[in-house]
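Listing of protein_1.pdb; format and content: PDB, C-alpha atoms.
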ATOM      1  CA  MET A   1      31.586 -43.745  18.294  1.00  0.00           C
ATOM      2  CA  ARG A   2      32.458 -41.022  15.832  1.00  0.00           C
ATOM      3  CA  THR A   3      31.379 -43.212  12.893  1.00  0.00           C
ATOM      4  CA  ARG A   4      28.049 -43.897  14.545  1.00  0.00           C
ATOM      5  CA  ALA A   5      27.429 -40.150  15.108  1.00  0.00           C
ATOM      6  CA  CYS A   6      28.228 -39.449  11.447  1.00  0.00           C
ATOM      7  CA  ALA A   7      25.886 -42.227  10.342  1.00  0.00           C
ATOM      8  CA  VAL A   8      23.063 -40.882  12.533  1.00  0.00           C
ATOM      9  CA  LEU A   9      23.635 -37.369  11.245  1.00  0.00           C
ATOM     10  CA  ALA A  10      23.667 -38.575   7.641  1.00  0.00           C
ATOM     11  CA  ALA A  11      20.435 -40.523   8.207  1.00  0.00           C
ATOM     12  CA  ALA A  12      18.784 -37.504   9.795  1.00  0.00           C
ATOM     13  CA  LEU A  13      19.782 -35.290   6.868  1.00  0.00           C
ATOM     14  CA  PHE A  14      18.505 -37.907   4.435  1.00  0.00           C
ATOM     15  CA  VAL A  15      15.133 -38.025   6.215  1.00  0.00           C
ATOM     16  CA  LEU A  16      14.872 -34.229   6.337  1.00  0.00           C
ATOM     17  CA  THR A  17      15.664 -33.801   2.655  1.00  0.00           C
ATOM     18  CA  GLY A  18      13.176 -36.522   1.803  1.00  0.00           C
ATOM     19  CA  CYS A  19      10.422 -34.701   3.675  1.00  0.00           C
ATOM     20  CA  SER A  20      11.045 -31.355   2.064  1.00  0.00           C
ATOM     21  CA  GLY A  21       9.013 -32.226  -1.025  1.00  0.00           C
ATOM     22  CA  GLU A  22       6.060 -33.856   0.722  1.00  0.00           C
ATOM     23  CA  ALA A  23       4.069 -30.652   1.022  1.00  0.00           C
ATOM     24  CA  GLY A  24       3.786 -30.421  -2.744  1.00  0.00           C
ATOM     25  CA  PRO A  25       4.825 -27.606  -5.001  1.00  0.00           C
ATOM     26  CA  THR A  26       5.566 -24.231  -3.517  1.00  0.00           C
ATOM     27  CA  PRO A  27       2.643 -21.832  -3.885  1.00  0.00           C
ATOM     28  CA  LYS A  28       2.896 -19.102  -6.453  1.00  0.00           C
ATOM     29  CA  GLY A  29       2.104 -15.468  -5.682  1.00  0.00           C
ATOM     30  CA  ALA A  30      -1.469 -14.664  -4.844  1.00  0.00           C
ATOM     31  CA  PRO A  31      -3.549 -13.468  -7.769  1.00  0.00           C
ATOM     32  CA  ASP A  32      -4.104  -9.739  -8.145  1.00  0.00           C
ATOM     33  CA  PRO A  33      -7.294  -8.937  -6.208  1.00  0.00           C
ATOM     34  CA  GLY A  34      -8.132  -6.246  -8.771  1.00  0.00           C
ATOM     35  CA  PRO A  35      -9.047  -2.590  -8.611  1.00  0.00           C
ATOM     36  CA  GLY A  36     -12.117  -3.217  -6.458  1.00  0.00           C
ATOM     37  CA  ALA A  37      -9.958  -4.389  -3.568  1.00  0.00           C
ATOM     38  CA  LEU A  38      -7.753  -1.323  -3.927  1.00  0.00           C
ATOM     39  CA  ALA A  39     -10.847   0.922  -3.949  1.00  0.00           C
ATOM     40  CA  ARG A  40     -11.993  -0.720  -0.692  1.00  0.00           C
ATOM     41  CA  LYS A  41      -8.563  -0.162   0.860  1.00  0.00           C
ATOM     42  CA  ILE A  42      -8.756   3.506  -0.103  1.00  0.00           C
ATOM     43  CA  GLU A  43     -12.239   3.747   1.433  1.00  0.00           C
ATOM     44  CA  ILE A  44     -10.786   2.513   4.722  1.00  0.00           C
ATOM     45  CA  LEU A  45      -7.901   4.990   4.562  1.00  0.00           C
ATOM     46  CA  ARG A  46     -10.346   7.820   3.866  1.00  0.00           C
ATOM     47  CA  ALA A  47     -11.837   7.226   7.332  1.00  0.00           C
ATOM     48  CA  ASP A  48      -8.498   8.072   8.973  1.00  0.00           C
ATOM     49  CA  ASP A  49      -8.321  11.348  10.928  1.00  0.00           C
ATOM     50  CA  CYS A  50      -5.430  12.449   8.716  1.00  0.00           C
ATOM     51  CA  HIS A  51      -7.802  12.346   5.757  1.00  0.00           C
ATOM     52  CA  VAL A  52     -10.974  13.543   7.466  1.00  0.00           C
ATOM     53  CA  ALA A  53      -9.421  16.437   9.422  1.00  0.00           C
ATOM     54  CA  PRO A  54      -5.930  17.057   8.008  1.00  0.00           C
ATOM     55  CA  THR A  55      -5.638  20.526   9.531  1.00  0.00           C
ATOM     56  CA  GLU A  56      -6.529  19.282  12.999  1.00  0.00           C
ATOM     57  CA  VAL A  57      -3.940  16.521  13.391  1.00  0.00           C
ATOM     58  CA  ARG A  58      -0.227  16.902  13.944  1.00  0.00           C
ATOM     59  CA  SER A  59       1.571  15.795  10.809  1.00  0.00           C
ATOM     60  CA  PRO A  60       3.973  13.424  12.630  1.00  0.00           C
ATOM     61  CA  ASP A  61       0.874  11.538  13.839  1.00  0.00           C
ATOM     62  CA  CYS A  62       0.027  10.801  10.191  1.00  0.00           C
ATOM     63  CA  GLU A  63       3.187   8.858   9.402  1.00  0.00           C
ATOM     64  CA  LYS A  64       1.448   5.466   9.316  1.00  0.00           C
ATOM     65  CA  TYR A  65      -1.325   6.873   7.103  1.00  0.00           C
ATOM     66  CA  VAL A  66       1.177   8.403   4.669  1.00  0.00           C
ATOM     67  CA  THR A  67       3.243   5.217   4.598  1.00  0.00           C
ATOM     68  CA  GLN A  68       0.124   3.273   3.622  1.00  0.00           C
ATOM     69  CA  LEU A  69      -0.629   5.819   0.896  1.00  0.00           C
ATOM     70  CA  GLU A  70       2.861   5.402  -0.574  1.00  0.00           C
ATOM     71  CA  ASN A  71       1.928   1.918  -1.795  1.00  0.00           C
ATOM     72  CA  ILE A  72      -1.291   2.924  -3.519  1.00  0.00           C
ATOM     73  CA  PRO A  73       0.114   4.631  -6.652  1.00  0.00           C
ATOM     74  CA  GLY A  74       2.213   1.611  -7.593  1.00  0.00           C
ATOM     75  CA  ASN A  75      -0.754  -0.704  -7.139  1.00  0.00           C
ATOM     76  CA  ALA A  76      -3.163   1.620  -8.968  1.00  0.00           C
ATOM     77  CA  ARG A  77      -0.852   2.265 -11.909  1.00  0.00           C
ATOM     78  CA  LYS A  78      -1.439  -1.228 -13.314  1.00  0.00           C
ATOM     79  CA  TYR A  79      -5.106  -0.287 -13.826  1.00  0.00           C
ATOM     80  CA  ALA A  80      -4.404   3.114 -15.414  1.00  0.00           C
ATOM     81  CA  ALA A  81      -3.732   1.925 -18.972  1.00  0.00           C
ATOM     82  CA  GLY A  82      -6.335   3.611 -21.148  1.00  0.00           C
ATOM     83  CA  HIS A  83      -7.556   5.741 -18.247  1.00  0.00           C
ATOM     84  CA  PRO A  84      -5.635   9.037 -18.341  1.00  0.00           C
ATOM     85  CA  ARG A  85      -7.642  10.657 -15.540  1.00  0.00           C
ATOM     86  CA  LEU A  86      -6.740   7.771 -13.261  1.00  0.00           C
ATOM     87  CA  GLY A  87      -3.087   8.263 -14.232  1.00  0.00           C
ATOM     88  CA  GLU A  88      -3.317  11.961 -13.351  1.00  0.00           C
ATOM     89  CA  ALA A  89      -4.893  11.132  -9.978  1.00  0.00           C
ATOM     90  CA  ILE A  90      -2.095   8.664  -9.288  1.00  0.00           C
ATOM     91  CA  ASP A  91       0.534  11.278 -10.165  1.00  0.00           C
ATOM     92  CA  SER A  92      -1.165  13.800  -7.894  1.00  0.00           C
ATOM     93  CA  LEU A  93      -1.160  11.436  -4.919  1.00  0.00           C
ATOM     94  CA  GLU A  94       2.497  10.571  -5.514  1.00  0.00           C
ATOM     95  CA  SER A  95       3.324  14.262  -5.637  1.00  0.00           C
ATOM     96  CA  THR A  96       1.626  15.008  -2.316  1.00  0.00           C
ATOM     97  CA  VAL A  97       3.333  12.080  -0.593  1.00  0.00           C
ATOM     98  CA  ARG A  98       6.675  13.288  -1.965  1.00  0.00           C
ATOM     99  CA  SER A  99       5.899  16.800  -0.700  1.00  0.00           C
ATOM    100  CA  TYR A 100       5.088  15.420   2.766  1.00  0.00           C
ATOM    101  CA  ARG A 101       8.452  13.666   2.806  1.00  0.00           C
ATOM    102  CA  ASN A 102      10.404  16.617   1.353  1.00  0.00           C
ATOM    103  CA  ASN A 103       8.906  19.016   3.913  1.00  0.00           C
ATOM    104  CA  GLU A 104       9.929  16.649   6.725  1.00  0.00           C
ATOM    105  CA  CYS A 105       6.370  16.493   8.002  1.00  0.00           C
ATOM    106  CA  ALA A 106       7.017  13.168   9.733  1.00  0.00           C
ATOM    107  CA  GLY A 107       9.664  14.889  11.815  1.00  0.00           C
ATOM    108  CA  GLY A 108       7.554  17.878  12.748  1.00  0.00           C
ATOM    109  CA  GLY A 109       8.227  20.181   9.784  1.00  0.00           C
ATOM    110  CA  ASP A 110       6.443  23.526   9.432  1.00  0.00           C
ATOM    111  CA  ALA A 111       2.933  22.913  10.797  1.00  0.00           C
ATOM    112  CA  ASP A 112       1.159  25.111   8.238  1.00  0.00           C
ATOM    113  CA  VAL A 113       3.002  23.615   5.260  1.00  0.00           C
ATOM    114  CA  CYS A 114       2.397  20.091   6.516  1.00  0.00           C
ATOM    115  CA  ALA A 115      -1.305  20.739   7.178  1.00  0.00           C
ATOM    116  CA  ALA A 116      -1.656  22.096   3.630  1.00  0.00           C
ATOM    117  CA  THR A 117       0.181  19.042   2.296  1.00  0.00           C
ATOM    118  CA  LEU A 118      -2.122  16.684   4.201  1.00  0.00           C
ATOM    119  CA  THR A 119      -5.128  18.611   2.856  1.00  0.00           C
ATOM    120  CA  ASP A 120      -3.812  18.249  -0.703  1.00  0.00           C
ATOM    121  CA  MET A 121      -3.124  14.577  -0.021  1.00  0.00           C
ATOM    122  CA  ALA A 122      -6.709  14.035   1.157  1.00  0.00           C
ATOM    123  CA  SER A 123      -8.023  15.659  -1.998  1.00  0.00           C
ATOM    124  CA  ALA A 124      -5.675  13.598  -4.189  1.00  0.00           C
ATOM    125  CA  LEU A 125      -6.739  10.376  -2.461  1.00  0.00           C
ATOM    126  CA  THR A 126     -10.418  11.218  -2.935  1.00  0.00           C
ATOM    127  CA  ASN A 127      -9.826  11.942  -6.630  1.00  0.00           C
ATOM    128  CA  LEU A 128      -7.927   8.678  -7.030  1.00  0.00           C
ATOM    129  CA  HIS A 129     -10.751   6.784  -5.358  1.00  0.00           C
ATOM    130  CA  THR A 130     -13.303   8.428  -7.661  1.00  0.00           C
ATOM    131  CA  GLU A 131     -11.338   7.518 -10.787  1.00  0.00           C
ATOM    132  CA  LEU A 132     -10.572   3.994  -9.599  1.00  0.00           C
ATOM    133  CA  SER A 133     -14.228   3.410  -8.677  1.00  0.00           C
ATOM    134  CA  ALA A 134     -15.287   4.476 -12.177  1.00  0.00           C
ATOM    135  CA  LEU A 135     -13.401   1.582 -13.795  1.00  0.00           C
ATOM    136  CA  PRO A 136     -15.870  -0.859 -15.386  1.00  0.00           C
ATOM    137  CA  ASP A 137     -14.852  -3.879 -13.285  1.00  0.00           C
ATOM    138  CA  VAL A 138     -15.176  -1.847 -10.077  1.00  0.00           C
ATOM    139  CA  ALA A 139     -18.338   0.050 -10.966  1.00  0.00           C
ATOM    140  CA  THR A 140     -20.163  -3.184 -11.876  1.00  0.00           C
ATOM    141  CA  GLN A 141     -19.281  -4.994  -8.642  1.00  0.00           C
ATOM    142  CA  THR A 142     -22.014  -5.229  -6.090  1.00  0.00           C
ATOM    143  CA  GLY A 143     -21.109  -5.079  -2.424  1.00  0.00           C
TER     144      GLY A 143
END

If you took the structure in this file and wrote it as C-alpha coordinates, what would it be?
Amino acid sequence: MRTRACAVLAAALFVLTGCSGEAGPTPKGAPDPGPGALARKIEILRADDCHVAPTEVRSPDCEKYVTQLENIPGNARKYAAGHPRLGEAIDSLESTVRSYRNNECAGGGDADVCAATLTDMASALTNLHTELSALPDVATQTG
(Lines of atoms letter the chains of each structure in order from A and count residues from 1; the text may use other names and numbers.)
(Lines give C-alpha, C1' and ligand atoms only; values in the text may rest on other atoms or scores of the structure.)
Protein backbone atom coordinates (compact mmCIF):
# COMPACT_ATOMS: atom_id res chain seq x y z
CA MET A 1 0.00 0.00 0.00
CA ARG A 2 2.79 2.37 0.91
CA THR A 3 4.59 1.66 -2.39
CA ARG A 4 1.43 2.39 -4.34
CA ALA A 5 0.96 5.75 -2.53
CA CYS A 6 4.57 6.69 -3.31
CA ALA A 7 4.11 5.73 -6.95
CA VAL A 8 0.92 7.81 -7.22
CA LEU A 9 2.61 10.76 -5.56
CA ALA A 10 5.62 10.47 -7.86
CA ALA A 11 3.35 10.30 -10.91
CA ALA A 12 1.41 13.35 -9.75
CA LEU A 13 4.62 15.32 -9.23
CA PHE A 14 5.85 14.24 -12.66
CA VAL A 15 2.61 15.45 -14.28
CA LEU A 16 2.70 18.76 -12.40
CA THR A 17 6.30 19.48 -13.33
CA GLY A 18 5.55 18.59 -16.93
CA CYS A 19 2.71 21.10 -17.05
CA SER A 20 4.69 23.95 -15.59
CA GLY A 21 6.26 24.85 -18.94
CA GLU A 22 3.13 24.58 -21.08
CA ALA A 23 2.14 28.21 -20.65
CA GLY A 24 5.26 29.32 -22.49
CA PRO A 25 7.97 31.64 -21.32
CA THR A 26 7.35 33.82 -18.32
CA PRO A 27 6.40 37.37 -19.29
CA LYS A 28 8.97 40.08 -18.87
CA GLY A 29 8.22 43.38 -17.15
CA ALA A 30 5.77 45.65 -18.87
CA PRO A 31 7.35 48.29 -21.08
CA ASP A 32 7.71 51.79 -19.68
CA PRO A 33 4.51 53.65 -20.61
CA GLY A 34 6.52 56.87 -20.98
CA PRO A 35 6.24 60.37 -19.62
CA GLY A 36 2.79 60.92 -21.12
CA ALA A 37 1.29 58.27 -18.86
CA LEU A 38 2.97 59.84 -15.85
CA ALA A 39 1.62 63.27 -16.86
CA ARG A 40 -1.90 61.78 -17.02
CA LYS A 41 -1.46 60.24 -13.57
CA ILE A 42 -0.41 63.63 -12.22
CA GLU A 43 -3.47 65.24 -13.84
CA ILE A 44 -5.67 62.81 -11.93
CA LEU A 45 -3.87 63.51 -8.65
CA ARG A 46 -4.26 67.25 -9.21
CA ALA A 47 -8.04 66.77 -8.97
CA ASP A 48 -7.70 65.50 -5.39
CA ASP A 49 -9.01 67.78 -2.62
CA CYS A 50 -5.57 67.73 -1.02
CA HIS A 51 -4.22 69.43 -4.14
CA VAL A 52 -7.18 71.65 -4.95
CA ALA A 53 -7.84 72.93 -1.41
CA PRO A 54 -4.81 72.02 0.73
CA THR A 55 -5.68 74.49 3.48
CA GLU A 56 -9.22 73.17 3.81
CA VAL A 57 -8.49 69.48 4.37
CA ARG A 58 -7.07 67.85 7.47
CA SER A 59 -3.56 66.67 6.69
CA PRO A 60 -4.12 63.10 7.99
CA ASP A 61 -6.88 62.80 5.36
CA CYS A 62 -4.23 63.34 2.67
CA GLU A 63 -2.13 60.30 3.51
CA LYS A 64 -3.22 58.31 0.45
CA TYR A 65 -2.59 61.32 -1.81
CA VAL A 66 0.89 61.88 -0.36
CA THR A 67 1.72 58.18 -0.61
CA GLN A 68 0.82 58.28 -4.31
CA LEU A 69 3.01 61.36 -4.77
CA GLU A 70 5.99 59.59 -3.20
CA ASN A 71 6.28 57.35 -6.27
CA ILE A 72 6.23 60.15 -8.83
CA PRO A 73 9.77 61.54 -8.39
CA GLY A 74 11.38 58.14 -8.94
CA ASN A 75 9.30 57.56 -12.06
CA ALA A 76 9.86 61.09 -13.39
CA ARG A 77 13.61 61.10 -12.78
CA LYS A 78 14.22 58.72 -15.70
CA TYR A 79 12.90 61.44 -18.04
CA ALA A 80 14.91 64.29 -16.49
CA ALA A 81 18.21 63.68 -18.30
CA GLY A 82 18.91 66.84 -20.27
CA HIS A 83 15.99 68.65 -18.66
CA PRO A 84 17.32 70.50 -15.60
CA ARG A 85 14.04 72.29 -14.86
CA LEU A 86 12.28 68.94 -14.68
CA GLY A 87 15.00 67.74 -12.28
CA GLU A 88 14.44 70.80 -10.08
CA ALA A 89 10.67 70.19 -10.06
CA ILE A 90 11.28 66.58 -9.06
CA ASP A 91 13.58 67.67 -6.22
CA SER A 92 10.98 70.17 -5.03
CA LEU A 93 8.22 67.56 -4.89
CA GLU A 94 10.50 65.14 -3.03
CA SER A 95 11.34 67.88 -0.55
CA THR A 96 7.69 68.67 0.19
CA VAL A 97 6.82 65.00 0.65
CA ARG A 98 9.78 64.65 3.02
CA SER A 99 8.60 67.74 4.92
CA TYR A 100 5.10 66.26 5.23
CA ARG A 101 6.60 63.11 6.71
CA ASN A 102 9.09 64.93 8.97
CA ASN A 103 6.34 67.17 10.38
CA GLU A 104 4.23 64.09 11.16
CA CYS A 105 1.33 65.46 9.15
CA ALA A 106 -0.12 61.98 8.66
CA GLY A 107 -0.43 61.69 12.42
CA GLY A 108 -2.04 65.07 12.94
CA GLY A 109 1.04 67.29 13.25
CA ASP A 110 0.74 71.07 13.59
CA ALA A 111 -2.26 72.01 11.41
CA ASP A 112 -0.76 75.27 10.12
CA VAL A 113 2.60 73.70 9.25
CA CYS A 114 0.92 70.77 7.54
CA ALA A 115 -1.46 73.01 5.57
CA ALA A 116 1.53 75.06 4.38
CA THR A 117 3.34 71.84 3.45
CA LEU A 118 0.34 70.60 1.46
CA THR A 119 0.15 73.99 -0.28
CA ASP A 120 3.85 73.76 -1.20
CA MET A 121 3.29 70.18 -2.34
CA ALA A 122 0.43 71.25 -4.62
CA SER A 123 2.62 73.92 -6.16
CA ALA A 124 5.51 71.47 -6.61
CA LEU A 125 3.21 68.92 -8.26
CA THR A 126 1.85 71.55 -10.64
CA ASN A 127 5.38 72.62 -11.57
CA LEU A 128 6.40 69.01 -12.13
CA HIS A 129 3.38 68.47 -14.35
CA THR A 130 4.22 71.59 -16.37
CA GLU A 131 7.82 70.49 -16.92
CA LEU A 132 6.88 66.89 -17.68
CA SER A 133 4.20 68.02 -20.15
CA ALA A 134 6.77 70.16 -21.97
CA LEU A 135 8.86 67.11 -22.92
CA PRO A 136 8.78 66.60 -26.71
CA ASP A 137 7.23 63.11 -26.60
CA VAL A 138 4.48 64.33 -24.26
CA ALA A 139 3.82 67.68 -25.91
CA THR A 140 3.41 66.04 -29.34
CA GLN A 141 0.91 63.41 -28.16
CA THR A 142 -2.68 64.04 -29.03
CA GLY A 143 -5.36 62.97 -26.60

Of A:Ala116, A:Ala76, A:Ala81, A:Cys62, the one nearest to Gly34 in chain A when counting only C-alpha atoms is A:Ala76

Quick one: residues within 12 Å of Gly74 in chain A, all atoms listed in the file counted, chain neighbours fewer than 3 positions away excluded, as number ranges by chain?
A: 38, 68-71, 77-80, 87, 90-91, 93-94

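Take the candidates A:Met121, A:Val138, A:Ile44, A:Ala53 and check each one against Ala89 in chain A using only C-alpha atoms; the shortest distance goes to A:Met121.
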
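Nearest-residue note for Lys64 in chain A: choosing from A:Arg101, A:Ser92, A:Ala106, A:Pro35, the minimum distance belongs to A:Ala106, counting all atoms listed in the file.
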
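Applied to the shown file, the PyMOL selection byres ((chain A and resi 41) around 12) selects the residues A:Pro33, A:Gly34, A:Pro35, A:Gly36, A:Ala37, A:Leu38, A:Ala39, A:Arg40, A:Ile42, A:Glu43, A:Ile44, A:Leu45, A:Arg46, A:Ala47, A:Asp48, A:Tyr65, A:Gln68, A:Leu69, A:Asn71, A:Ile72, A:Asn75, A:Ala76, A:Leu125, A:Leu128, A:His129, A:Leu132, A:Ser133.
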
As a check of understanding, name the residues that the PyMOL selection byres ((chain A and resi 55) around 8) selects in the supplied structure, as a PyMOL selection string.
chain A and resi 53-54+56-58+115-116+118-119

Which of A:Ser59, A:His51, A:Thr67, A:Leu86 sits closest to Ala111 in chain A [using all atoms listed in the file]
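Residue with the minimum atom-to-atom distance to Ala111 in chain A: A:Ser59.
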
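Checking A:Asp110, A:Ala122, A:Asn127, A:Pro84 one by one against Val52 in chain A, counting all atoms listed in the file, you find the shortest gap at A:Ala122.
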
Take CA of Glu131 in chain A and CA of Glu104 in chain A and report the distance between them in Å, one decimal.
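Taking CA of Glu131 in chain A and CA of Glu104 in chain A, their separation equals 29.0 Å.
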
Rounded to one decimal place, report the CA of Pro60 in chain A-CA of Cys114 in chain A distance in Å.
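Separation between CA of Pro60 in chain A and CA of Cys114 in chain A: 9.2 Å.
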